[in-house]
$ cat input04.cif   # mmCIF, C-alpha atoms
data_data
#
loop_
_atom_site.label_atom_id
_atom_site.label_comp_id
_atom_site.auth_asym_id
_atom_site.auth_seq_id
_atom_site.Cartn_x
_atom_site.Cartn_y
_atom_site.Cartn_z
CA MET A 82 0.00 0.00 0.00
CA SER A 83 1.29 3.44 -0.82
CA LYS A 84 1.86 5.92 1.95
CA ILE A 85 1.93 9.64 2.39
CA ASN A 86 5.18 11.39 3.14
CA LEU A 87 4.32 13.78 5.91
CA THR A 88 6.54 16.70 6.91
CA VAL A 89 5.58 19.09 9.69
CA LEU A 90 7.59 22.29 9.99
CA THR A 91 7.56 25.19 12.40
CA PRO A 92 9.73 28.29 12.06
CA ASP A 93 12.23 27.04 14.59
CA LYS A 94 12.20 23.30 14.19
CA THR A 95 11.18 20.31 12.16
CA LEU A 96 8.60 18.32 14.06
CA LEU A 97 8.27 15.51 11.57
CA ALA A 98 10.50 14.88 8.60
CA GLU A 99 9.09 12.79 5.78
CA ALA A 100 7.37 10.25 7.95
CA ALA A 101 5.52 7.60 5.96
CA VAL A 102 1.94 7.75 7.21
CA ASP A 103 -1.07 5.67 6.20
CA SER A 104 -3.66 8.38 6.70
CA LEU A 105 -3.92 11.92 7.90
CA VAL A 106 -6.66 14.18 9.30
CA LEU A 107 -6.19 17.94 9.10
CA PRO A 108 -8.09 20.63 11.01
CA ALA A 109 -8.81 22.63 7.87
CA TYR A 110 -10.36 26.05 7.89
CA GLU A 111 -13.78 24.82 6.90
CA GLY A 112 -13.88 21.58 8.84
CA GLU A 113 -11.83 18.45 9.29
CA LEU A 114 -10.24 17.02 6.25
CA GLY A 115 -9.17 13.43 5.83
CA VAL A 116 -6.31 12.60 3.52
CA LEU A 117 -5.50 9.14 2.20
CA PRO A 118 -2.75 8.13 -0.21
CA GLY A 119 -3.54 9.22 -3.74
CA HIS A 120 -5.34 12.38 -2.64
CA ALA A 121 -5.85 15.10 -5.22
CA PRO A 122 -3.41 18.02 -5.06
CA LEU A 123 -4.62 20.33 -2.37
CA VAL A 124 -3.68 23.53 -0.62
CA ALA A 125 -5.52 24.21 2.62
CA GLN A 126 -5.37 26.65 5.43
CA LEU A 127 -5.53 25.12 8.89
CA LYS A 128 -7.02 26.57 12.00
CA GLU A 129 -6.08 25.63 15.54
CA GLY A 130 -6.69 21.94 16.10
CA ILE A 131 -5.17 18.52 16.08
CA VAL A 132 -3.45 16.82 13.19
CA LYS A 133 -4.03 13.09 13.43
CA TYR A 134 -1.90 10.67 11.53
CA ARG A 135 -1.40 6.94 11.47
CA ILE A 136 1.98 5.27 11.28
CA ASP A 137 1.88 1.47 10.98
CA GLY A 138 -1.60 1.34 12.45
CA LYS A 139 -0.69 3.49 15.43
CA GLU A 140 -2.31 6.87 15.79
CA ASP A 141 -0.29 9.91 16.69
CA TYR A 142 -1.14 13.57 17.14
CA ILE A 143 0.30 17.03 16.72
CA ALA A 144 -1.39 20.19 17.93
CA VAL A 145 -1.19 23.06 15.45
CA PHE A 146 -2.21 26.66 15.90
CA TRP A 147 -2.74 28.24 12.55
CA GLY A 148 -1.12 26.45 9.75
CA PHE A 149 -1.05 25.72 6.13
CA ALA A 150 -0.90 22.38 4.36
CA TYR A 151 -0.20 21.37 0.85
CA ILE A 152 -0.51 17.96 -0.60
CA ASN A 153 0.88 16.89 -3.90
CA SER A 154 1.36 13.35 -5.17
CA ASN A 155 1.55 11.59 -1.81
CA LYS A 156 3.71 14.27 -0.30
CA ALA A 157 2.17 16.37 2.46
CA VAL A 158 3.81 19.42 3.97
CA ILE A 159 2.33 21.23 6.95
CA LEU A 160 3.67 24.65 7.85
CA THR A 161 2.57 25.90 11.21
CA GLU A 162 3.64 28.78 13.41
CA ILE A 163 3.25 26.82 16.62
CA GLY A 164 3.16 23.06 16.68
CA GLU A 165 3.39 20.71 19.60
CA LEU A 166 3.92 16.99 19.72
CA ILE A 167 1.66 15.07 22.02
CA LYS A 168 4.47 14.30 24.44
CA GLU A 169 5.09 18.02 24.93
CA ILE A 170 1.56 18.68 26.15
CA ASN A 171 1.13 19.38 29.82
CA GLU A 172 -2.44 19.07 31.00
CA GLU A 173 -2.06 21.11 34.14
CA ARG A 174 -0.48 23.99 32.30
CA ALA A 175 -3.14 23.90 29.64
CA ARG A 176 -5.87 24.09 32.24
CA GLN A 177 -4.24 27.04 33.96
CA GLU A 178 -3.86 28.77 30.66
CA TYR A 179 -7.51 28.16 29.91
CA GLN A 180 -8.52 29.62 33.24
CA ARG A 181 -6.33 32.67 32.79
CA ALA A 182 -7.68 33.41 29.35
CA LYS A 183 -11.24 32.91 30.52
CA ASP A 184 -10.72 35.22 33.49
CA ALA A 185 -9.21 37.88 31.28
CA ILE A 186 -12.24 37.78 29.00
CA ASN A 187 -14.73 37.82 31.86
CA MET A 188 -13.08 40.68 33.71
CA LYS A 189 -13.19 42.91 30.65
CA GLY A 190 -10.35 45.04 31.96
CA ALA A 191 -9.48 48.28 30.23
CA ASP A 192 -6.36 46.87 28.68
CA LEU A 193 -8.01 43.68 27.47
CA ASP A 194 -6.82 42.54 24.11
CA LEU A 195 -9.85 40.49 23.14
CA ASP A 196 -8.28 38.94 20.06
CA SER A 197 -5.22 37.68 21.83
CA ALA A 198 -7.25 36.48 24.82
CA GLN A 199 -9.54 34.52 22.55
CA ALA A 200 -6.59 33.15 20.65
CA SER A 201 -4.98 31.88 23.83
CA LEU A 202 -8.33 30.46 24.92
CA LYS A 203 -8.57 28.50 21.69
CA LYS A 204 -5.00 27.29 22.09
CA ALA A 205 -5.72 26.14 25.63
CA VAL A 206 -8.80 24.26 24.46
CA VAL A 207 -6.79 22.39 21.85
CA ARG A 208 -4.10 21.56 24.37
CA MET A 209 -6.67 20.28 26.84
CA LYS A 210 -8.29 18.13 24.18
CA LEU A 211 -4.95 16.64 23.31
CA ALA A 212 -4.18 16.09 26.98
CA GLN A 213 -7.44 14.18 27.25
CA ILE A 214 -6.43 11.93 24.39
CA LYS A 215 -3.03 11.48 25.94
CA LYS A 216 -4.59 10.37 29.18
CA SER A 217 -7.08 7.97 27.65
CA ARG A 218 -4.47 6.29 25.44
CA ASN A 219 -1.72 6.31 28.02
CA ILE A 220 0.83 7.65 25.58
CA MET B 4 62.29 54.53 33.81
CA ALA B 5 59.36 52.67 35.30
CA SER B 6 60.06 50.95 38.58
CA LEU B 7 59.79 47.22 38.99
CA ARG B 8 56.59 47.57 40.96
CA ASP B 9 54.90 49.65 38.28
CA ILE B 10 55.69 47.10 35.64
CA ARG B 11 54.42 44.25 37.79
CA LYS B 12 51.16 46.11 38.34
CA HIS B 13 50.83 46.76 34.64
CA ILE B 14 51.34 43.10 33.84
CA GLN B 15 48.80 42.10 36.44
CA SER B 16 46.10 44.37 35.01
CA ILE B 17 46.75 43.18 31.47
CA LYS B 18 46.51 39.64 32.71
CA SER B 19 43.06 40.20 34.17
CA ILE B 20 41.88 41.93 31.01
CA LYS B 21 43.11 38.98 29.04
CA GLN B 22 41.13 36.66 31.25
CA ILE B 23 37.97 38.65 30.60
CA THR B 24 38.43 38.80 26.84
CA TYR B 25 39.25 35.13 26.76
CA ALA B 26 36.12 34.30 28.74
CA MET B 27 34.02 36.44 26.39
CA LYS B 28 35.50 34.61 23.45
CA MET B 29 34.61 31.27 24.96
CA VAL B 30 31.06 32.42 25.69
CA ALA B 31 30.60 33.64 22.14
CA ALA B 32 32.05 30.42 20.79
CA ALA B 33 29.63 28.37 22.85
CA ARG B 34 26.64 30.44 21.80
CA ILE B 35 27.52 30.51 18.16
CA LYS B 36 26.98 26.79 17.91
CA ARG B 37 23.42 27.17 19.10
CA ALA B 38 22.89 30.15 16.81
CA GLN B 39 24.07 28.12 13.85
CA THR B 40 21.77 25.24 14.64
CA SER B 41 18.80 27.55 14.86
CA ILE B 42 19.63 29.01 11.46
CA LEU B 43 19.72 25.52 10.03
CA SER B 44 16.49 24.43 11.66
CA ALA B 45 14.68 27.55 10.49
CA ARG B 46 15.66 26.92 6.90
CA PRO B 47 13.17 24.19 5.83
CA TYR B 48 10.18 26.26 6.93
CA ALA B 49 11.33 29.31 4.99
CA ILE B 50 12.07 27.26 1.88
CA GLU B 51 8.70 25.49 1.88
CA MET B 52 6.98 28.80 2.51
CA GLU B 53 8.64 30.40 -0.47
CA LYS B 54 7.73 27.44 -2.64
CA ALA B 55 4.11 27.62 -1.55
CA ILE B 56 3.83 31.32 -2.28
CA SER B 57 5.39 31.17 -5.70
CA MET B 58 3.11 28.25 -6.52
CA LEU B 59 0.02 30.10 -5.34
CA LYS B 60 0.99 33.19 -7.24
CA CYS B 61 1.43 31.18 -10.40
CA GLU B 62 -1.94 29.53 -9.95
CA MET B 63 -3.73 32.86 -9.76
CA LEU B 64 -4.97 34.67 -12.80
CA GLU B 65 -3.24 37.93 -13.55
CA ASP B 66 -6.32 40.06 -12.89
CA ASP B 67 -7.30 38.26 -9.72
CA PHE B 68 -3.80 38.70 -8.46
CA LYS B 69 -3.77 42.41 -9.21
CA ASN B 70 -7.05 42.93 -7.39
CA SER B 71 -6.19 40.88 -4.35
CA SER B 72 -5.29 42.57 -1.12
CA SER B 73 -1.84 40.99 -1.11
CA TYR B 74 -0.86 42.66 -4.37
CA LYS B 75 0.47 45.64 -2.47
CA PHE B 76 3.20 43.45 -1.05
CA PHE B 77 4.42 42.60 -4.52
CA GLN B 78 4.15 46.04 -6.04
CA SER B 79 3.90 49.22 -4.06
CA PRO B 80 0.64 51.13 -4.64
CA ASN B 81 2.45 54.39 -4.02
CA PRO B 82 5.79 54.35 -5.87
CA ALA B 83 6.48 58.02 -5.12
CA GLY B 84 5.97 57.68 -1.38
CA ASP B 85 8.41 57.82 1.49
CA ILE B 86 10.83 55.03 2.11
CA GLY B 87 11.42 52.84 5.12
CA LEU B 88 14.62 51.55 6.66
CA VAL B 89 15.05 48.62 8.99
CA LEU B 90 18.43 48.63 10.69
CA ILE B 91 19.50 45.55 12.57
CA THR B 92 22.42 46.06 14.95
CA SER B 93 23.47 44.45 18.20
CA ASP B 94 22.73 45.51 21.76
CA LYS B 95 26.26 45.26 23.03
CA GLY B 96 29.60 46.41 21.77
CA LEU B 97 32.94 44.63 21.90
CA CYS B 98 32.30 42.87 18.64
CA GLY B 99 34.81 44.51 16.35
CA ALA B 100 33.56 46.40 13.34
CA PHE B 101 30.17 44.69 13.42
CA ASN B 102 28.17 47.75 14.39
CA ALA B 103 30.49 50.37 12.97
CA SER B 104 30.14 49.07 9.44
CA LEU B 105 26.35 48.84 9.80
CA LEU B 106 26.10 52.40 11.05
CA LYS B 107 28.37 53.70 8.32
CA LYS B 108 26.15 52.06 5.76
CA ALA B 109 23.04 53.51 7.39
CA VAL B 110 24.47 57.03 7.32
CA ALA B 111 25.42 56.64 3.68
CA PHE B 112 21.90 55.40 3.00
CA ILE B 113 20.29 58.35 4.75
CA LYS B 114 22.53 60.77 2.88
CA ALA B 115 21.81 59.16 -0.46
CA ASN B 116 18.06 59.30 0.09
CA ASN B 117 17.99 62.80 1.43
CA SER B 118 15.18 63.87 -0.86
CA SER B 119 12.49 61.70 0.69
CA ARG B 120 11.46 61.16 4.26
CA ILE B 121 12.81 57.99 5.84
CA HIS B 122 10.83 56.03 8.38
CA ILE B 123 13.05 53.95 10.59
CA ILE B 124 12.70 50.74 12.56
CA THR B 125 15.70 49.77 14.65
CA VAL B 126 16.54 46.43 16.16
CA GLY B 127 19.24 46.56 18.81
CA LYS B 128 20.46 49.34 21.06
CA LYS B 129 23.51 50.41 19.10
CA GLY B 130 21.57 51.44 16.03
CA ARG B 131 18.91 53.22 18.01
CA ASP B 132 21.36 55.24 20.07
CA PHE B 133 23.40 56.17 17.05
CA LEU B 134 20.51 57.25 14.84
CA ARG B 135 18.97 59.31 17.62
CA ARG B 136 22.10 61.43 17.72
CA ILE B 137 21.94 62.33 14.05
CA LYS B 138 20.78 65.85 13.52
CA ASN B 139 19.30 67.61 10.51
CA ALA B 140 18.21 64.45 8.81
CA ASN B 141 14.84 63.85 7.29
CA ILE B 142 14.07 60.82 9.40
CA GLU B 143 11.30 59.62 11.65
CA PHE B 144 11.38 56.77 14.15
CA TYR B 145 8.56 54.33 13.85
CA TYR B 146 9.44 51.44 16.12
CA GLU B 147 12.36 50.08 18.08
CA ILE B 148 13.11 46.83 19.80
CA PHE B 149 16.16 45.76 21.77
CA GLY B 150 17.29 43.19 24.28
CA ILE B 151 16.40 40.28 22.01
CA PHE B 152 19.92 39.01 21.35
CA PRO B 153 21.31 36.43 21.86
CA LYS B 154 18.00 34.64 22.40
CA VAL B 155 15.97 35.51 19.35
CA ASN B 156 12.77 33.57 18.99
CA TYR B 157 9.81 33.67 16.70
CA THR B 158 7.79 36.02 18.91
CA HIS B 159 10.43 38.72 18.48
CA SER B 160 10.44 38.40 14.73
CA ASN B 161 6.65 38.46 14.84
CA LEU B 162 6.76 41.83 16.55
CA VAL B 163 9.33 43.25 14.15
CA ALA B 164 7.55 41.94 11.08
CA GLU B 165 4.14 43.16 12.21
CA ASN B 166 5.55 46.62 12.68
CA ILE B 167 7.23 46.57 9.29
CA ILE B 168 3.95 45.59 7.66
CA LYS B 169 2.07 48.23 9.62
CA MET B 170 4.60 50.90 8.73
CA TYR B 171 4.53 49.88 5.09
CA SER B 172 0.75 50.16 4.77
CA GLU B 173 0.13 53.00 7.22
CA LYS B 174 2.70 55.41 5.84
CA LYS B 175 2.13 54.28 2.27
CA LEU B 176 5.79 53.63 1.71
CA SER B 177 7.23 52.97 -1.68
CA ARG B 178 10.00 50.68 -0.49
CA VAL B 179 11.38 49.26 2.71
CA TYR B 180 15.12 48.67 2.86
CA LEU B 181 16.90 46.40 5.22
CA ILE B 182 20.47 46.86 6.44
CA HIS B 183 21.89 43.94 8.35
CA ASN B 184 24.79 41.55 8.66
CA ASP B 185 24.60 38.05 7.26
CA PHE B 186 26.46 35.18 8.79
CA LYS B 187 28.85 33.93 6.16
CA SER B 188 31.33 31.86 8.12
CA MET B 189 32.97 31.81 11.50
CA VAL B 190 35.40 34.50 10.40
CA ALA B 191 33.35 36.59 8.01
CA GLN B 192 30.15 38.56 8.09
CA GLU B 193 28.54 40.03 5.06
CA LEU B 194 27.04 43.48 5.21
CA LYS B 195 23.81 43.58 3.25
CA GLU B 196 21.54 46.32 2.04
CA GLU B 197 18.49 44.99 0.28
CA ILE B 198 14.96 45.92 -0.67
CA PHE B 199 12.73 44.01 1.67
CA LEU B 200 9.33 45.22 0.53
CA PRO B 201 7.71 45.11 -1.98
CA LEU B 202 8.63 41.53 -2.73
CA GLY B 203 8.47 42.33 -6.43
CA GLU B 204 10.61 40.31 -8.77
CA ARG B 205 11.70 37.76 -6.24
CA PHE B 206 8.71 35.63 -7.13
CA ASP B 207 8.42 36.47 -10.80
CA LYS B 208 10.74 34.03 -12.46
CA LYS B 209 9.87 30.57 -11.28
CA CYS B 210 6.38 30.41 -12.72
CA GLN B 211 6.46 28.13 -15.77
CA THR B 212 7.78 25.01 -14.12
CA GLU B 213 5.14 24.57 -11.47
CA THR B 214 1.89 25.32 -13.25
CA ALA B 215 1.35 21.75 -14.40
CA VAL B 216 -0.54 20.46 -11.35
CA ASP B 217 -4.19 21.28 -10.88
CA PHE B 218 -4.60 22.16 -7.23
CA TYR B 219 -7.71 22.26 -5.13
CA PHE B 220 -7.78 25.23 -2.78
CA GLU B 221 -9.48 25.71 0.51
CA PRO B 222 -10.38 28.54 1.19
CA SER B 223 -9.92 30.73 -1.90
CA LYS B 224 -6.53 31.45 -3.39
CA GLU B 225 -6.74 35.13 -2.51
CA LYS B 226 -7.35 34.42 1.14
CA LEU B 227 -4.62 31.85 1.26
CA LEU B 228 -2.13 34.15 -0.35
CA GLU B 229 -3.03 36.97 2.00
CA SER B 230 -2.40 34.97 5.13
CA LEU B 231 0.65 33.31 3.65
CA ILE B 232 2.35 36.52 2.64
CA GLU B 233 2.26 37.80 6.17
CA ARG B 234 3.74 34.57 7.45
CA HIS B 235 6.34 34.66 4.76
CA ILE B 236 7.46 38.13 5.82
CA LYS B 237 7.65 36.95 9.40
CA SER B 238 9.73 33.94 8.56
CA GLN B 239 12.05 36.10 6.46
CA ILE B 240 12.56 38.47 9.36
CA TYR B 241 13.11 35.52 11.64
CA ARG B 242 15.81 34.23 9.34
CA ILE B 243 17.47 37.62 9.14
CA LEU B 244 17.45 38.09 12.90
CA LEU B 245 19.02 34.69 13.38
CA GLU B 246 21.67 35.47 10.78
CA SER B 247 22.46 38.76 12.45
CA GLN B 248 22.66 37.07 15.82
CA ALA B 249 25.12 34.49 14.56
CA ALA B 250 27.12 37.17 12.76
CA GLU B 251 27.34 39.23 15.94
CA LEU B 252 28.58 36.26 17.91
CA SER B 253 31.18 35.35 15.34
CA ALA B 254 32.33 38.98 15.16
CA ARG B 255 32.62 39.07 18.91
CA MET B 256 34.49 35.82 18.98
CA ASN B 257 37.07 37.12 16.52
CA ALA B 258 37.40 40.49 18.21
CA MET B 259 37.92 38.87 21.57
CA GLU B 260 40.37 36.36 20.20
CA ASN B 261 42.44 39.19 18.76
CA ALA B 262 42.22 41.09 22.01
CA SER B 263 43.45 38.07 23.96
CA LYS B 264 46.30 37.63 21.52
CA ASN B 265 47.31 41.27 21.79
CA ALA B 266 47.17 41.11 25.55
CA GLY B 267 49.50 38.11 25.44
CA GLU B 268 51.99 39.98 23.27
CA LEU B 269 51.85 43.00 25.53
CA MET B 270 52.49 40.80 28.53
CA ASP B 271 55.50 39.18 26.87
CA GLY B 272 56.99 42.58 26.11
CA LEU B 273 56.41 43.82 29.61
CA THR B 274 57.84 40.70 31.19
CA LEU B 275 61.01 41.17 29.14
CA LYS B 276 61.21 44.76 30.27
CA MET B 277 60.66 43.73 33.85
CA ASN B 278 63.45 41.17 33.73
CA LYS B 279 65.80 43.69 32.20
CA THR B 280 65.02 46.20 34.90
CA ARG B 281 65.49 43.55 37.57
CA GLN B 282 68.87 42.54 36.15
CA ALA B 283 69.94 46.14 35.86
CA MET B 284 69.04 46.62 39.48
CA ILE B 285 71.04 43.58 40.57
CA THR B 286 74.01 44.73 38.53
CA THR B 287 73.91 48.15 40.11
CA GLU B 288 73.67 46.66 43.57
CA LEU B 289 76.59 44.29 42.94
CA ASN B 290 78.57 47.15 41.54
CA GLU B 291 77.90 49.16 44.66
CA ILE B 292 78.90 46.31 46.96
CA VAL B 293 82.10 45.54 45.06
CA SER B 294 83.18 49.16 44.88
CA GLY B 295 82.25 49.58 48.56
CA ALA B 296 84.45 46.61 49.49
CA GLY B 297 87.25 47.93 47.31
CA ALA B 298 87.10 51.26 49.09
CA LEU B 299 87.37 49.52 52.50
CA GLN B 300 90.46 47.51 51.45
CA GLU B 301 92.41 50.52 50.48
#
$ encode --input "input04.cif" --output "structure tokens"
Amino acid sequence: MSKINLTVLTPDKTLLAEAAVDSLVLPAYEGELGVLPGHAPLVAQLKEGIVKYRIDGKEDYIAVFWGFAYINSNKAVILTEIGELIKEINEERARQEYQRAKDAINMKGADLDLDSAQASLKKAVVRMKLAQIKKSRNI
Amino acid sequence: MASLRDIRKHIQSIKSIKQITYAMKMVAAARIKRAQTSILSARPYAIEMEKAISMLKCEMLEDDFKNSSSYKFFQSPNPAGDIGLVLITSDKGLCGAFNASLLKKAVAFIKANNSSRIHIITVGKKGRDFLRRIKNANIEFYYEIFGIFPKVNYTHSNLVAENIIKMYSEKKLSRVYLIHNDFKSMVAQELKEEIFLPLGERFDKKCQTETAVDFYFEPSKEKLLESLIERHIKSQIYRILLESQAAELSARMNAMENASKNAGELMDGLTLKMNKTRQAMITTELNEIVSGAGALQE
């Protein structure tokens, strides 16, 4: 069976270099997007969410916060500004972050930057979701 | 003639200076390794980004491209407008001619573009302090950032890039120039003055080869290009900041190595002088004793 060559890049490091994956799910801008080998050429913007991929039947995850993917003849490249492997996720920290962002929005202080508060809220939600998965799978 | 004690003191102080310069050299040498690795690990992202943009641009129809909001980044809407300058220096000195050559270039640039107003963004303390002292120049400070070296990360470049974009669109600039040092090798830096915005011809050439594939886009090409361009600018700035950081460290390493070497030579010279003085003193003393004894015998 053919596989997809998946590369995940952030500005400061390479998270995944040409890993041969069986399938791939992207958090695309307009909903989740599944990719199997032989997918049509595609360019998609990603929003914050979880990239799921399958290597030898084993699922693995990467959290991305804004990104961009292009797929061409079984080669997939994901460019993301912030990307985190599942082993880098810390549940406690994510929860604190969530609380902080939520508090900031609720307090409506004078110097509240609503956009950035909402962005960090979204990030925290993704991290917590991934932490949940981590816990349930015992990775 | 200096007394023995003076020379000893002099040697001692040179010795401690040498220790400091040597330590600074070692610190720079240790950091430069990390700086080099971060340049290398930032490279794939920038390369893929550039590929993606040139591909997107080629996929778009000429008219669509001209009407899209990202067109202004490729071709300035106001070619007669003011110009911008981004000067990237270091925060600290003691790195040889690293800053001096940058500042010289900046002054030459300001002189050459005297006719139009120059909006300036500085990165690093040295450039800021120097440009603030210039009088009678047609310049205006837009933004400054310092204290980011030697630990540049993507958030810093985000800030710089956002301000460059803001300056470019707010002040309706015709061009934004960038003066910075590139890391060439451990012993050489390359001073660069380049047009940073608009991106212009940089993406013009590669079109024909990549148009063969029929891509499916989500969301529209225009939207994709718009968000990509901004990211591209950020990753470019990130690369440049990393280069400048590595160049600064290598410049400092060389400067400090030379300083240590000079201190060693100075010490050798002084030690020789000290020994000569000491011997001269002993000779005089002996002479005095012998002639004193001779006088007693008579």
$ residues_around --input "input04.cif" --residues "Ile50 in chain B" --least-positions-apart "2" --cutoff "12 Å" --atoms "only C-alpha atoms" --output "list of chain:residue names"
A:Leu90, A:Thr91, A:Pro92, A:Val158, A:Leu160, B:Leu43, B:Ser44, B:Ala45, B:Arg46, B:Pro47, B:Tyr48, B:Met52, B:Glu53, B:Lys54, B:Ala55, B:Ile56, B:Ser57, B:His235, B:Ser238, B:Gln239, B:Arg242
$ interface_residues --input "input04.cif" --of "chain A" --to "chain B" --cutoff "6 Å" --atoms "all atoms listed in the file" --output "number ranges by chain"
A: 90, 92-94, 122-125
$ residues_near_point --input "input04.cif" --point "(-1.5, 23.4, 16.0)" --cutoff "7 Å" --atoms "all atoms listed in the file" --output "list in words"
Glu129, Gly130, Ile131, Ile143, Ala144, Val145, Phe146, Trp147, Gly148, Thr161, Ile163, Gly164 and Glu165 of chain A
$ resolve_selection --input "input04.cif" --expression "the PyMOL selection byres ((chain A and resi 118) around 9)" --output "ChimeraX atom specification"
/A:82-85,102-104,116-117,119-120,154-156
$ atom_distance --input "input04.cif" --atom1 "CA of Ser71 in chain B" --atom2 "CA of Lys169 in chain B"
17.8 Å
$ resolve_selection --input "input04.cif" --expression "the PyMOL selection byres ((chain B and resi 130) around 12)" --output "ChimeraX atom specification"
/B:88-96,101-110,123-129,131-137,144,147-149,182-183
$ atom_distance --input "input04.cif" --atom1 "CA of Leu244 in chain B" --atom2 "CA of Ala191 in chain B"
16.7 Å
$ resolve_selection --input "input04.cif" --expression "the PyMOL selection byres ((chain A and resi 203) around 12)" --output "CSV table (one decimal) with C-alpha atoms, keeping the file's coordinate frame"
chain,number,residue,atom,x,y,z
A,128,LYS,CA,-7.0,26.6,12.0
A,129,GLU,CA,-6.1,25.6,15.5
A,130,GLY,CA,-6.7,21.9,16.1
A,131,ILE,CA,-5.2,18.5,16.1
A,144,ALA,CA,-1.4,20.2,17.9
A,145,VAL,CA,-1.2,23.1,15.4
A,146,PHE,CA,-2.2,26.7,15.9
A,147,TRP,CA,-2.7,28.2,12.6
A,175,ALA,CA,-3.1,23.9,29.6
A,176,ARG,CA,-5.9,24.1,32.2
A,178,GLU,CA,-3.9,28.8,30.7
A,179,TYR,CA,-7.5,28.2,29.9
A,180,GLN,CA,-8.5,29.6,33.2
A,182,ALA,CA,-7.7,33.4,29.4
A,183,LYS,CA,-11.2,32.9,30.5
A,196,ASP,CA,-8.3,38.9,20.1
A,197,SER,CA,-5.2,37.7,21.8
A,198,ALA,CA,-7.2,36.5,24.8
A,199,GLN,CA,-9.5,34.5,22.6
A,200,ALA,CA,-6.6,33.2,20.6
A,201,SER,CA,-5.0,31.9,23.8
A,202,LEU,CA,-8.3,30.5,24.9
A,204,LYS,CA,-5.0,27.3,22.1
A,205,ALA,CA,-5.7,26.1,25.6
A,206,VAL,CA,-8.8,24.3,24.5
A,207,VAL,CA,-6.8,22.4,21.8
A,208,ARG,CA,-4.1,21.6,24.4
A,209,MET,CA,-6.7,20.3,26.8
A,210,LYS,CA,-8.3,18.1,24.2
$ atom_distance --input "input04.cif" --atom1 "CA of Ser177 in chain B" --atom2 "CA of Glu165 in chain B"
17.3 Å
$ residues_around --input "input04.cif" --residues "Lys154 in chain B" --least-positions-apart "5" --cutoff "10 Å" --atoms "all atoms listed in the file" --output "PyMOL selection string"
chain B and resi 34+37-38+159+245+248
$ write_last_selection --input "input04.cif" --atoms "C-alpha atoms" --output "PDB file, in the coordinates of the input"
ATOM      1  CA  ARG B  34      26.640  30.440  21.800  1.00  0.00           C
ATOM      2  CA  ARG B  37      23.420  27.170  19.100  1.00  0.00           C
ATOM      3  CA  ALA B  38      22.890  30.150  16.810  1.00  0.00           C
ATOM      4  CA  HIS B 159      10.430  38.720  18.480  1.00  0.00           C
ATOM      5  CA  LEU B 245      19.020  34.690  13.380  1.00  0.00           C
ATOM      6  CA  GLN B 248      22.660  37.070  15.820  1.00  0.00           C
TER       7      GLN B 248
END
$ residues_near_point --input "input04.cif" --point "(40.8, 35.2, 16.2)" --cutoff "12 Å" --atoms "only C-alpha atoms" --output "list in words"
Thr24, Tyr25, Lys28, Met29, Ala31, Ala32, Cys98, Gly99, Met189, Val190, Ala191, Ser253, Ala254, Arg255, Met256, Asn257, Ala258, Met259, Glu260, Asn261, Ala262, Ser263, Lys264 and Asn265 of chain B
$ decode --input "input04.cif" --residues "range 152-173 of chain A" --atoms "C-alpha atoms" --output "PDB file, in the first residue's frame"
ATOM      1  CA  ILE A 152      -0.508  17.959  -0.597  1.00  0.00           C
ATOM      2  CA  ASN A 153       0.876  16.889  -3.904  1.00  0.00           C
ATOM      3  CA  SER A 154       1.362  13.348  -5.175  1.00  0.00           C
ATOM      4  CA  ASN A 155       1.552  11.588  -1.811  1.00  0.00           C
ATOM      5  CA  LYS A 156       3.712  14.270  -0.296  1.00  0.00           C
ATOM      6  CA  ALA A 157       2.174  16.367   2.462  1.00  0.00           C
ATOM      7  CA  VAL A 158       3.808  19.422   3.970  1.00  0.00           C
ATOM      8  CA  ILE A 159       2.334  21.235   6.949  1.00  0.00           C
ATOM      9  CA  LEU A 160       3.669  24.652   7.848  1.00  0.00           C
ATOM     10  CA  THR A 161       2.569  25.905  11.214  1.00  0.00           C
ATOM     11  CA  GLU A 162       3.640  28.780  13.413  1.00  0.00           C
ATOM     12  CA  ILE A 163       3.249  26.820  16.621  1.00  0.00           C
ATOM     13  CA  GLY A 164       3.159  23.062  16.679  1.00  0.00           C
ATOM     14  CA  GLU A 165       3.392  20.714  19.605  1.00  0.00           C
ATOM     15  CA  LEU A 166       3.922  16.987  19.722  1.00  0.00           C
ATOM     16  CA  ILE A 167       1.661  15.066  22.024  1.00  0.00           C
ATOM     17  CA  LYS A 168       4.470  14.299  24.443  1.00  0.00           C
ATOM     18  CA  GLU A 169       5.088  18.021  24.932  1.00  0.00           C
ATOM     19  CA  ILE A 170       1.561  18.679  26.148  1.00  0.00           C
ATOM     20  CA  ASN A 171       1.132  19.377  29.821  1.00  0.00           C
ATOM     21  CA  GLU A 172      -2.444  19.065  31.004  1.00  0.00           C
ATOM     22  CA  GLU A 173      -2.062  21.111  34.136  1.00  0.00           C
TER      23      GLU A 173
END
